[in-house]
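Participant: I'd like to ask you about the structure that follows.
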Amino acid sequence: MTGWVNAARQMLRWLIFVSMRLCYRLQIHGRQHIPKHGAALVVCNHVSFMDALVLGGASPRPLRFVMDQPIFDSPWLKWWFQLVGAIPIESERRSPGALRRALDDVSAALREGQVVMVFPEGRLTPDGEIHAFRRGLETILARDDVPVIPAGLAGLWGSWTSHHGGKALKKYPKRFRAPVSLHFGPPLNRLDADDMALRRFLEARVRALKAAADQDIASRR
């Protein structure tokens, strides 16, 4: 990654952080768990279309987000996604070979020492709860054995960018400066376990961090 690209992403990260602070009463815990240098994989629950911005601003380092190809191809936002280094992913059924290409891009980013962010549920929560993590994490970690930083996010369920009360982005905003809490957990190394155990372990850690974030918000109301 060239120097000017890294500088631009650092500047964007700061601007996003300021914007999220203005939009929400945001509290961040555990930022120190993201390593100052070297590759890492961040995994978090997926509540709303604002999640990536909250996480991207909260992280002390730029995050490379894995996101759906149709969203990445948005005519109005594609330039932004390209600038921040988002990694588009398409289902193998829709585009043969697309999944492997996305995994290659993730692997390349990790081998360059960058931090990659994924939402293992693969979709926005339809009910505010964390749903089963999909396959894919184990494939990434089998290629590149990097630290995994779990994260739990709370406070965005109920916003117009979530599926609460109807499809996301199809409602008018009704809340401003809502309390939002984000908890990063200590890095985990790849477990000597089968694929299902690995997913369940990471899912349990994210659930625990989301519960801590929920308690944080409850104490501020």
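In the structure tokens, chains take the letters A, B, ... in the order shown, each chain's residues start at 1, and ligands count up from 1 in the order shown.
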Report the residues of range 1-216 of chain A whose backbone DSSP state falls under alpha helix (DSSP H), written as JSON, numbers by chain.

Facilitator: {"A": [3, 4, 5, 6, 7, 8, 9, 10, 11, 12, 13, 14, 15, 16, 17, 18, 19, 20, 21, 22, 23, 51, 52, 53, 54, 55, 56, 57, 58, 69, 70, 71, 72, 78, 79, 80, 81, 82, 83, 84, 98, 99, 100, 101, 102, 103, 104, 105, 106, 107, 108, 109, 110, 111, 137, 138, 139, 140, 141, 142, 143, 195, 196, 197, 198, 199, 200, 201, 202, 203, 204, 205, 206, 207, 208, 209, 210, 211, 212, 213, 214, 215, 216]}

Participant: Can you tell me which residues surround Ala7 in chain A at a distance of at most 12 Å, considering only C-alpha atoms, apart from same-chain residues fewer than 6 positions away, and format the answer as a VMD selection string?

Facilitator: chain A and resid 1 13 to 14 61 to 62 83 to 84

Participant: Please produce, as a Markdown table, a per-residue contact table for range 128-208 of chain A versus range 24-41 of chain A (criterion: any atom at most 10 Å away, only C-alpha atoms considered), showing the nearest atom pair and its distance in Å to one decimal, sorted by chain then residue number.

Facilitator:
```
| residue | atom | partner | partner_atom | distance |
| --- | --- | --- | --- | --- |
| A:Leu137 | CA | A:Leu41 | CA | 9.3 |
| A:Ile140 | CA | A:Leu41 | CA | 9.1 |
| A:Leu141 | CA | A:Leu41 | CA | 8.8 |
| A:Asp144 | CA | A:Ala39 | CA | 9.3 |
| A:Asp145 | CA | A:Ala40 | CA | 9.0 |
| A:Val146 | CA | A:Ala40 | CA | 5.4 |
| A:Pro147 | CA | A:Ala40 | CA | 5.1 |
| A:Val148 | CA | A:Leu41 | CA | 4.8 |
| A:Ile149 | CA | A:Leu41 | CA | 6.1 |
| A:Pro150 | CA | A:Leu41 | CA | 8.4 |
| A:Ala151 | CA | A:Gly30 | CA | 9.0 |
| A:Gly152 | CA | A:His29 | CA | 9.9 |
| A:Leu153 | CA | A:Ile28 | CA | 9.5 |
| A:Gly155 | CA | A:Leu26 | CA | 9.1 |
| A:Leu156 | CA | A:Tyr24 | CA | 9.4 |
| A:Arg175 | CA | A:Tyr24 | CA | 9.4 |
| A:Phe176 | CA | A:Tyr24 | CA | 6.8 |
| A:Arg177 | CA | A:Tyr24 | CA | 4.0 |
| A:Ala178 | CA | A:Tyr24 | CA | 5.1 |
| A:Pro179 | CA | A:Arg25 | CA | 4.6 |
| A:Val180 | CA | A:Leu26 | CA | 4.8 |
| A:Ser181 | CA | A:Gln27 | CA | 4.9 |
| A:Leu182 | CA | A:Ile28 | CA | 5.0 |
| A:His183 | CA | A:His29 | CA | 4.7 |
| A:Phe184 | CA | A:Gly30 | CA | 4.7 |
| A:Gly185 | CA | A:Gly30 | CA | 6.2 |
| A:Pro186 | CA | A:His33 | CA | 5.3 |
| A:Pro187 | CA | A:His33 | CA | 6.4 |
| A:Leu188 | CA | A:Leu41 | CA | 9.7 |
```

Participant: Counting only C-alpha atoms, which residue out of A:Trp160, A:Phe17, A:Phe133, A:Phe81 sits closest to Phe65 in chain A?

Facilitator: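 Going through A:Trp160, A:Phe17, A:Phe133, A:Phe81 one by one, the smallest distance to Phe65 in chain A is for A:Phe81.
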
Participant: Which of range 113-192 of chain A end up as strand (DSSP E) when DSSP is run on this backbone - answer as a PyMOL selection string?

Facilitator: chain A and resi 115-118+148-154+178-184

Participant: Go ahead and save the picked residues with all heavy atoms, as a compact mmCIF listing (two decimals), in the first residue's frame.

Facilitator:
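Full text of again_11.txt as output:
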```
# COMPACT_ATOMS: atom_id res chain seq x y z
N VAL A 115 -5.29 -4.58 8.69
CA VAL A 115 -6.36 -5.10 9.54
C VAL A 115 -7.62 -5.24 8.70
O VAL A 115 -8.06 -4.27 8.07
CB VAL A 115 -6.63 -4.17 10.74
CG1 VAL A 115 -7.71 -4.76 11.65
CG2 VAL A 115 -5.36 -3.92 11.53
N VAL A 116 -8.18 -6.43 8.68
CA VAL A 116 -9.38 -6.73 7.89
C VAL A 116 -10.55 -6.94 8.83
O VAL A 116 -10.41 -7.55 9.89
CB VAL A 116 -9.16 -7.97 7.00
CG1 VAL A 116 -10.46 -8.35 6.26
CG2 VAL A 116 -8.03 -7.73 6.00
N MET A 117 -11.71 -6.41 8.44
CA MET A 117 -12.92 -6.49 9.26
C MET A 117 -13.99 -7.30 8.53
O MET A 117 -14.26 -7.06 7.35
CB MET A 117 -13.41 -5.07 9.52
CG MET A 117 -14.81 -4.96 10.10
SD MET A 117 -14.85 -5.42 11.82
CE MET A 117 -16.44 -6.22 11.91
N VAL A 118 -14.59 -8.27 9.23
CA VAL A 118 -15.66 -9.06 8.63
C VAL A 118 -16.85 -9.13 9.60
O VAL A 118 -16.68 -9.06 10.82
CB VAL A 118 -15.21 -10.50 8.27
CG1 VAL A 118 -14.10 -10.47 7.24
CG2 VAL A 118 -14.75 -11.26 9.51
N VAL A 148 -7.17 -12.74 15.96
CA VAL A 148 -8.56 -12.38 15.72
C VAL A 148 -9.04 -11.53 16.89
O VAL A 148 -8.95 -11.96 18.04
CB VAL A 148 -9.46 -13.62 15.57
CG1 VAL A 148 -10.89 -13.21 15.25
CG2 VAL A 148 -8.91 -14.55 14.51
N ILE A 149 -9.54 -10.33 16.59
CA ILE A 149 -10.05 -9.44 17.63
C ILE A 149 -11.57 -9.46 17.56
O ILE A 149 -12.16 -8.95 16.60
CB ILE A 149 -9.53 -8.00 17.48
CG1 ILE A 149 -8.03 -7.92 17.70
CG2 ILE A 149 -10.22 -7.08 18.48
CD1 ILE A 149 -7.21 -8.05 16.47
N PRO A 150 -12.25 -10.06 18.54
CA PRO A 150 -13.72 -10.05 18.54
C PRO A 150 -14.23 -8.69 19.02
O PRO A 150 -13.56 -7.99 19.79
CB PRO A 150 -14.08 -11.16 19.54
CG PRO A 150 -12.91 -11.19 20.49
CD PRO A 150 -11.69 -10.82 19.67
N ALA A 151 -15.41 -8.31 18.55
CA ALA A 151 -16.00 -7.03 18.95
C ALA A 151 -17.50 -7.19 19.07
O ALA A 151 -18.13 -7.97 18.34
CB ALA A 151 -15.67 -5.94 17.93
N GLY A 152 -18.08 -6.46 20.01
CA GLY A 152 -19.52 -6.47 20.21
C GLY A 152 -20.07 -5.05 20.14
O GLY A 152 -19.53 -4.14 20.80
N LEU A 153 -21.11 -4.85 19.35
CA LEU A 153 -21.68 -3.53 19.10
C LEU A 153 -23.14 -3.49 19.55
O LEU A 153 -23.90 -4.42 19.28
CB LEU A 153 -21.58 -3.20 17.61
CG LEU A 153 -22.16 -1.88 17.10
CD1 LEU A 153 -21.42 -0.70 17.72
CD2 LEU A 153 -22.07 -1.83 15.58
N ALA A 154 -23.52 -2.43 20.23
CA ALA A 154 -24.91 -2.27 20.68
C ALA A 154 -25.33 -0.81 20.59
O ALA A 154 -24.49 0.09 20.67
CB ALA A 154 -25.07 -2.77 22.12
N ALA A 178 -28.10 8.99 19.82
CA ALA A 178 -28.44 7.80 20.59
C ALA A 178 -27.17 7.23 21.22
O ALA A 178 -26.07 7.35 20.65
CB ALA A 178 -29.09 6.75 19.69
N PRO A 179 -27.27 6.58 22.39
CA PRO A 179 -26.10 5.95 22.99
C PRO A 179 -25.68 4.71 22.20
O PRO A 179 -26.52 3.86 21.88
CB PRO A 179 -26.57 5.59 24.40
CG PRO A 179 -28.05 5.44 24.27
CD PRO A 179 -28.47 6.44 23.23
N VAL A 180 -24.43 4.61 21.87
CA VAL A 180 -23.88 3.47 21.15
C VAL A 180 -22.62 3.01 21.89
O VAL A 180 -21.83 3.84 22.35
CB VAL A 180 -23.53 3.83 19.68
CG1 VAL A 180 -22.79 2.68 19.00
CG2 VAL A 180 -24.79 4.18 18.91
N SER A 181 -22.47 1.71 22.02
CA SER A 181 -21.32 1.16 22.74
C SER A 181 -20.65 0.09 21.89
O SER A 181 -21.31 -0.76 21.30
CB SER A 181 -21.77 0.57 24.08
OG SER A 181 -20.66 0.08 24.81
N LEU A 182 -19.32 0.15 21.85
CA LEU A 182 -18.53 -0.80 21.09
C LEU A 182 -17.43 -1.35 21.99
O LEU A 182 -16.66 -0.58 22.57
CB LEU A 182 -17.92 -0.13 19.86
CG LEU A 182 -16.93 -0.95 19.02
CD1 LEU A 182 -17.62 -2.18 18.43
CD2 LEU A 182 -16.32 -0.10 17.92
N HIS A 183 -17.39 -2.67 22.11
CA HIS A 183 -16.38 -3.33 22.95
C HIS A 183 -15.50 -4.24 22.09
O HIS A 183 -16.00 -5.16 21.43
CB HIS A 183 -17.06 -4.19 24.02
CG HIS A 183 -17.66 -3.38 25.14
ND1 HIS A 183 -17.31 -3.55 26.46
CD2 HIS A 183 -18.59 -2.40 25.13
CE1 HIS A 183 -18.00 -2.71 27.21
NE2 HIS A 183 -18.79 -2.01 26.42
N PHE A 184 -14.19 -3.96 22.09
CA PHE A 184 -13.21 -4.86 21.48
C PHE A 184 -12.68 -5.79 22.56
O PHE A 184 -12.41 -5.36 23.69
CB PHE A 184 -12.04 -4.08 20.88
CG PHE A 184 -12.39 -3.23 19.69
CD1 PHE A 184 -12.51 -1.85 19.82
CD2 PHE A 184 -12.60 -3.80 18.45
CE1 PHE A 184 -12.82 -1.05 18.73
CE2 PHE A 184 -12.92 -3.02 17.34
CZ PHE A 184 -13.03 -1.65 17.48
```

Participant: Just checking: using only C-alpha atoms, which residue out of A:Leu22, A:Val47, A:Ala212, A:Leu55 ends up closest to Glu129 in chain A?

Facilitator: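 Checking each of A:Leu22, A:Val47, A:Ala212, A:Leu55 against Glu129 in chain A, counting only C-alpha atoms, the winner is A:Val47.
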
Participant: Which value, in Å to one decimal, gives the distance between CA of Leu209 in chain A and CA of Pro173 in chain A?

Facilitator: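 One can read the CA of Leu209 in chain A to CA of Pro173 in chain A distance as 26.8 Å.
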
Participant: When distances are computed from only C-alpha atoms, which of A:Thr139, A:Ser48, A:Ser59, A:Ser107 shows the smallest separation from Phe119 in chain A?

Facilitator: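 Closest to Phe119 in chain A, using only C-alpha atoms: A:Ser48.
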
Participant: When distances are computed from only C-alpha atoms, which of A:Ala52, A:Ile71, A:Ala142, A:Ala108 shows the smallest separation from Leu198 in chain A?

Facilitator: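 Ranked by minimum distance to Leu198 in chain A, first place goes to A:Ala142.
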
Participant: So, with only C-alpha atoms as the atoms that count, which of A:Ala168, A:Leu202, A:Ala109, A:Val5 lies closest to Met50 in chain A?

Facilitator: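 Among the listed residues, A:Ala168 lies closest to Met50 in chain A.
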
Participant: So, with only C-alpha atoms as the atoms that count, which of A:Arg9, A:Lys167, A:Lys78, A:His131 lies closest to Arg64 in chain A?

Facilitator: A:Arg9
